[in-house]
>>> print(open('upload-v7.pdb').read())   # PDB, C-alpha atoms
ATOM      1  CA  MET S  16      22.575 200.451  23.869  1.00  0.00           C
ATOM      2  CA  LYS S  17      25.472 202.580  22.638  1.00  0.00           C
ATOM      3  CA  THR S  18      27.328 202.026  25.944  1.00  0.00           C
ATOM      4  CA  ALA S  19      27.072 198.259  25.541  1.00  0.00           C
ATOM      5  CA  THR S  20      28.346 198.497  21.950  1.00  0.00           C
ATOM      6  CA  LYS S  21      31.289 200.655  23.010  1.00  0.00           C
ATOM      7  CA  LYS S  22      32.087 198.258  25.830  1.00  0.00           C
ATOM      8  CA  THR S  23      31.942 195.258  23.470  1.00  0.00           C
ATOM      9  CA  SER S  24      34.123 197.049  20.924  1.00  0.00           C
ATOM     10  CA  TYR S  25      36.628 197.899  23.647  1.00  0.00           C
ATOM     11  CA  ILE S  26      36.751 194.282  24.867  1.00  0.00           C
ATOM     12  CA  ILE S  27      37.244 192.997  21.317  1.00  0.00           C
ATOM     13  CA  ALA S  28      40.007 195.539  20.678  1.00  0.00           C
ATOM     14  CA  VAL S  29      41.818 194.589  23.900  1.00  0.00           C
ATOM     15  CA  ALA S  30      41.452 190.872  23.077  1.00  0.00           C
ATOM     16  CA  LEU S  31      42.914 191.425  19.604  1.00  0.00           C
ATOM     17  CA  ILE S  32      45.841 193.408  20.995  1.00  0.00           C
ATOM     18  CA  LEU S  33      46.560 190.764  23.643  1.00  0.00           C
ATOM     19  CA  SER S  34      46.319 188.024  21.005  1.00  0.00           C
ATOM     20  CA  ALA S  35      48.791 189.869  18.787  1.00  0.00           C
ATOM     21  CA  ILE S  36      51.192 190.302  21.695  1.00  0.00           C
ATOM     22  CA  GLY S  37      50.859 186.600  22.556  1.00  0.00           C
ATOM     23  CA  ILE S  38      51.538 185.547  18.974  1.00  0.00           C
ATOM     24  CA  TYR S  39      54.576 187.829  18.845  1.00  0.00           C
ATOM     25  CA  LEU S  40      55.959 186.481  22.125  1.00  0.00           C
ATOM     26  CA  LEU S  41      55.356 182.903  21.028  1.00  0.00           C
ATOM     27  CA  SER S  42      57.141 183.563  17.757  1.00  0.00           C
ATOM     28  CA  THR S  43      60.213 184.861  19.587  1.00  0.00           C
ATOM     29  CA  PHE S  44      60.750 181.380  20.998  1.00  0.00           C
ATOM     30  CA  THR S  45      60.477 179.571  17.678  1.00  0.00           C
ATOM     31  CA  ASN S  46      62.771 179.825  14.695  1.00  0.00           C
ATOM     32  CA  VAL S  47      65.237 181.881  16.700  1.00  0.00           C
ATOM     33  CA  GLU S  48      68.014 183.318  14.564  1.00  0.00           C
ATOM     34  CA  ARG S  49      71.206 181.691  15.768  1.00  0.00           C
ATOM     35  CA  GLY S  50      74.512 183.535  15.619  1.00  0.00           C
ATOM     36  CA  TYR S  51      76.364 180.795  13.772  1.00  0.00           C
ATOM     37  CA  SER S  52      76.257 178.799  10.550  1.00  0.00           C
ATOM     38  CA  ALA S  53      75.632 175.114   9.876  1.00  0.00           C
ATOM     39  CA  ALA S  54      79.270 174.829   8.755  1.00  0.00           C
ATOM     40  CA  GLN S  55      80.490 176.191  12.101  1.00  0.00           C
ATOM     41  CA  VAL S  56      78.258 173.735  13.964  1.00  0.00           C
ATOM     42  CA  ALA S  57      79.575 170.824  11.881  1.00  0.00           C
ATOM     43  CA  ALA S  58      83.174 171.895  12.512  1.00  0.00           C
ATOM     44  CA  GLY S  59      82.398 172.255  16.217  1.00  0.00           C
ATOM     45  CA  GLU S  60      80.836 168.807  16.337  1.00  0.00           C
ATOM     46  CA  ALA S  61      84.044 167.302  14.944  1.00  0.00           C
ATOM     47  CA  VAL S  62      86.132 169.075  17.599  1.00  0.00           C
ATOM     48  CA  PHE S  63      83.624 168.114  20.318  1.00  0.00           C
ATOM     49  CA  THR S  64      83.716 164.459  19.238  1.00  0.00           C
ATOM     50  CA  LYS S  65      87.510 164.389  19.353  1.00  0.00           C
ATOM     51  CA  ASN S  66      88.042 166.379  22.583  1.00  0.00           C
ATOM     52  CA  CYS S  67      84.874 166.639  24.684  1.00  0.00           C
ATOM     53  CA  LEU S  68      82.615 163.652  24.045  1.00  0.00           C
ATOM     54  CA  VAL S  69      84.541 161.290  26.314  1.00  0.00           C
ATOM     55  CA  CYS S  70      83.630 163.391  29.384  1.00  0.00           C
ATOM     56  CA  HIS S  71      80.505 165.335  28.399  1.00  0.00           C
ATOM     57  CA  GLY S  72      78.768 162.486  26.542  1.00  0.00           C
ATOM     58  CA  VAL S  73      77.545 161.902  23.007  1.00  0.00           C
ATOM     59  CA  ASN S  74      74.734 164.447  23.287  1.00  0.00           C
ATOM     60  CA  GLY S  75      76.383 166.738  25.816  1.00  0.00           C
ATOM     61  CA  GLU S  76      74.407 165.100  28.615  1.00  0.00           C
ATOM     62  CA  GLY S  77      77.327 165.223  31.059  1.00  0.00           C
ATOM     63  CA  THR S  78      77.526 163.109  34.198  1.00  0.00           C
ATOM     64  CA  ALA S  79      74.395 162.057  36.082  1.00  0.00           C
ATOM     65  CA  ASN S  80      75.493 163.536  39.424  1.00  0.00           C
ATOM     66  CA  TRP S  81      77.356 166.537  38.046  1.00  0.00           C
ATOM     67  CA  GLN S  82      76.271 168.771  40.959  1.00  0.00           C
ATOM     68  CA  LYS S  83      77.798 166.462  43.573  1.00  0.00           C
ATOM     69  CA  PRO S  84      81.561 166.739  44.120  1.00  0.00           C
ATOM     70  CA  ASN S  85      83.765 163.713  43.610  1.00  0.00           C
ATOM     71  CA  ALA S  86      85.761 162.219  46.476  1.00  0.00           C
ATOM     72  CA  ASP S  87      88.673 164.539  45.560  1.00  0.00           C
ATOM     73  CA  GLY S  88      86.419 167.614  45.795  1.00  0.00           C
ATOM     74  CA  THR S  89      86.284 168.305  42.065  1.00  0.00           C
ATOM     75  CA  TYR S  90      83.022 168.370  40.157  1.00  0.00           C
ATOM     76  CA  PRO S  91      82.257 165.940  37.329  1.00  0.00           C
ATOM     77  CA  PRO S  92      81.483 167.158  33.798  1.00  0.00           C
ATOM     78  CA  PRO S  93      78.153 169.002  33.639  1.00  0.00           C
ATOM     79  CA  PRO S  94      75.618 168.696  30.835  1.00  0.00           C
ATOM     80  CA  LEU S  95      76.197 171.139  27.995  1.00  0.00           C
ATOM     81  CA  ASN S  96      72.887 170.494  26.228  1.00  0.00           C
ATOM     82  CA  GLY S  97      70.860 173.237  27.921  1.00  0.00           C
ATOM     83  CA  THR S  98      69.758 171.193  30.932  1.00  0.00           C
ATOM     84  CA  ALA S  99      72.392 172.604  33.292  1.00  0.00           C
ATOM     85  CA  HIS S 100      74.156 175.927  33.797  1.00  0.00           C
ATOM     86  CA  THR S 101      76.214 176.307  30.617  1.00  0.00           C
ATOM     87  CA  TRP S 102      73.691 178.730  29.144  1.00  0.00           C
ATOM     88  CA  HIS S 103      74.000 180.926  32.262  1.00  0.00           C
ATOM     89  CA  HIS S 104      77.430 182.092  31.089  1.00  0.00           C
ATOM     90  CA  PRO S 105      78.320 184.667  28.412  1.00  0.00           C
ATOM     91  CA  PHE S 106      80.169 183.506  25.294  1.00  0.00           C
ATOM     92  CA  SER S 107      83.386 185.084  26.565  1.00  0.00           C
ATOM     93  CA  VAL S 108      83.241 183.073  29.807  1.00  0.00           C
ATOM     94  CA  LEU S 109      82.526 179.838  27.943  1.00  0.00           C
ATOM     95  CA  LYS S 110      85.491 180.511  25.662  1.00  0.00           C
ATOM     96  CA  GLN S 111      87.764 181.354  28.598  1.00  0.00           C
ATOM     97  CA  THR S 112      86.684 178.214  30.471  1.00  0.00           C
ATOM     98  CA  ILE S 113      87.588 176.021  27.497  1.00  0.00           C
ATOM     99  CA  LYS S 114      90.914 177.813  27.095  1.00  0.00           C
ATOM    100  CA  LYS S 115      91.927 177.727  30.764  1.00  0.00           C
ATOM    101  CA  GLY S 116      90.078 174.551  31.768  1.00  0.00           C
ATOM    102  CA  GLY S 117      87.663 173.804  34.557  1.00  0.00           C
ATOM    103  CA  VAL S 118      90.202 173.342  37.349  1.00  0.00           C
ATOM    104  CA  PRO S 119      90.041 177.011  38.470  1.00  0.00           C
ATOM    105  CA  LEU S 120      86.266 176.541  38.820  1.00  0.00           C
ATOM    106  CA  GLY S 121      86.465 173.320  40.807  1.00  0.00           C
ATOM    107  CA  GLY S 122      86.126 171.006  37.819  1.00  0.00           C
ATOM    108  CA  GLN S 123      88.442 168.585  36.079  1.00  0.00           C
ATOM    109  CA  MET S 124      88.408 169.802  32.491  1.00  0.00           C
ATOM    110  CA  PRO S 125      91.898 170.361  31.135  1.00  0.00           C
ATOM    111  CA  ALA S 126      92.922 173.613  29.483  1.00  0.00           C
ATOM    112  CA  PHE S 127      92.652 173.560  25.692  1.00  0.00           C
ATOM    113  CA  GLU S 128      94.435 176.827  24.892  1.00  0.00           C
ATOM    114  CA  ASP S 129      97.501 174.955  23.622  1.00  0.00           C
ATOM    115  CA  THR S 130      95.424 172.324  21.805  1.00  0.00           C
ATOM    116  CA  LEU S 131      92.594 174.200  20.087  1.00  0.00           C
ATOM    117  CA  SER S 132      92.599 177.413  18.080  1.00  0.00           C
ATOM    118  CA  ASP S 133      90.216 180.258  18.904  1.00  0.00           C
ATOM    119  CA  GLU S 134      88.138 179.275  15.876  1.00  0.00           C
ATOM    120  CA  GLU S 135      87.909 175.650  17.041  1.00  0.00           C
ATOM    121  CA  ILE S 136      86.877 176.766  20.529  1.00  0.00           C
ATOM    122  CA  GLU S 137      84.228 179.087  19.107  1.00  0.00           C
ATOM    123  CA  ASN S 138      82.916 176.324  16.831  1.00  0.00           C
ATOM    124  CA  VAL S 139      82.652 173.947  19.798  1.00  0.00           C
ATOM    125  CA  ILE S 140      80.577 176.557  21.610  1.00  0.00           C
ATOM    126  CA  PHE S 141      78.373 176.942  18.525  1.00  0.00           C
ATOM    127  CA  TYR S 142      77.916 173.175  18.419  1.00  0.00           C
ATOM    128  CA  VAL S 143      76.983 173.094  22.105  1.00  0.00           C
ATOM    129  CA  GLN S 144      74.544 175.982  21.615  1.00  0.00           C
ATOM    130  CA  SER S 145      72.984 174.151  18.679  1.00  0.00           C
ATOM    131  CA  GLN S 146      71.874 171.517  21.213  1.00  0.00           C
ATOM    132  CA  TRP S 147      69.921 174.110  23.212  1.00  0.00           C
ATOM    133  CA  SER S 148      66.223 174.630  22.612  1.00  0.00           C
ATOM    134  CA  ASP S 149      65.170 177.889  20.962  1.00  0.00           C
ATOM    135  CA  LYS S 150      63.736 179.019  24.291  1.00  0.00           C
ATOM    136  CA  ILE S 151      67.042 178.434  26.125  1.00  0.00           C
ATOM    137  CA  TYR S 152      69.051 180.094  23.353  1.00  0.00           C
ATOM    138  CA  GLN S 153      66.702 183.109  23.252  1.00  0.00           C
ATOM    139  CA  THR S 154      66.875 183.443  27.038  1.00  0.00           C
ATOM    140  CA  TRP S 155      70.673 183.247  26.883  1.00  0.00           C
ATOM    141  CA  LEU S 156      70.773 185.963  24.213  1.00  0.00           C
ATOM    142  CA  ILE S 157      68.523 188.341  26.144  1.00  0.00           C
ATOM    143  CA  LYS S 158      69.477 187.735  29.768  1.00  0.00           C
ATOM    144  CA  VAL S 159      73.101 186.606  29.573  1.00  0.00           C
ATOM    145  CA  GLU S 160      74.835 187.614  26.367  1.00  0.00           C
ATOM    146  CA  ALA S 161      73.177 190.982  25.632  1.00  0.00           C
ATOM    147  CA  PRO S 162      74.110 192.574  28.990  1.00  0.00           C
ATOM    148  CA  ASN S 163      77.795 191.655  28.472  1.00  0.00           C
TER     149      ASN S 163
END
>>> encode(input="upload-v7.pdb", output="structure tokens")
Amino acid sequence: MKTATKKTSYIIAVALILSAIGIYLLSTFTNVERGYSAAQVAAGEAVFTKNCLVCHGVNGEGTANWQKPNADGTYPPPPLNGTAHTWHHPFSVLKQTIKKGGVPLGGQMPAFEDTLSDEEIENVIFYVQSQWSDKIYQTWLIKVEAPN
């Protein structure tokens, strides 16, 4: 009888530990602390609306066939809302791409280094990141940004 009680106690303890781990992991994908403020997002939205919306869309949805090159060989604007590859790039690469434009990468986006300040570029990135789900943002932080 004591062996059965020990076994039951062990199973309950393991179940509680696994439940706690599951709750912790679930909580890491909700209410993720973002590295920017609401004011930065609002400022970024204004810059996005003025400079990016015409190509990337109202909600950063990009072009439907963004993975297929145009007739001239360039790629159309990709989604920025977390449904494409934007979140695969570190902050520094996103910033550099906005500064230098998408042409060196096979795209059409013009360079904004003479148009936007560093702060405006950073705020645009914050606005774009605010469109990502917590899960995408958390994954970006851990797998993309942290190693850089």
>>> resolve_selection(input="upload-v7.pdb", expression="the PyMOL selection byres ((chain S and resi 60-69) around 9)", output="list in words")
Gln55, Val56, Ala57, Ala58, Gly59, Cys70, His71, Gly72, Val73, Asn74, Gly75, Gly77, Leu131, Glu135, Ile136, Asn138, Val139, Phe141, Tyr142 and Val143 of chain S
>>> resolve_selection(input="upload-v7.pdb", expression="the PyMOL selection byres ((chain S and resi 98) around 10)", output="ChimeraX atom specification")
/S:75-77,93-97,99-102,146-148,151
>>> resolve_selection(input="upload-v7.pdb", expression="the PyMOL selection byres ((chain S and resi 108) around 12)", output="list in words")
Thr101, Trp102, His103, His104, Pro105, Phe106, Ser107, Leu109, Lys110, Gln111, Thr112, Ile113, Lys114, Lys115, Gly116, Gly117, Leu120, Ile136, Glu137, Ile140, Val159, Glu160 and Asn163 of chain S
>>> atom_distance(input="upload-v7.pdb", atom1="CA of Trp155 in chain S", atom2="CA of Gln82 in chain S")
21.0 Å
>>> closest_residue(input="upload-v7.pdb", among="S:Thr78, S:Glu128, S:Ser52, S:Asp149", to="Pro92 in chain S", atoms="all atoms listed in the file")
S:Thr78
>>> atom_distance(input="upload-v7.pdb", atom1="CA of Pro162 in chain S", atom2="CA of Ser145 in chain S")
21.1 Å
>>> atom_distance(input="upload-v7.pdb", atom1="CA of Tyr90 in chain S", atom2="CA of Gln123 in chain S")
6.8 Å
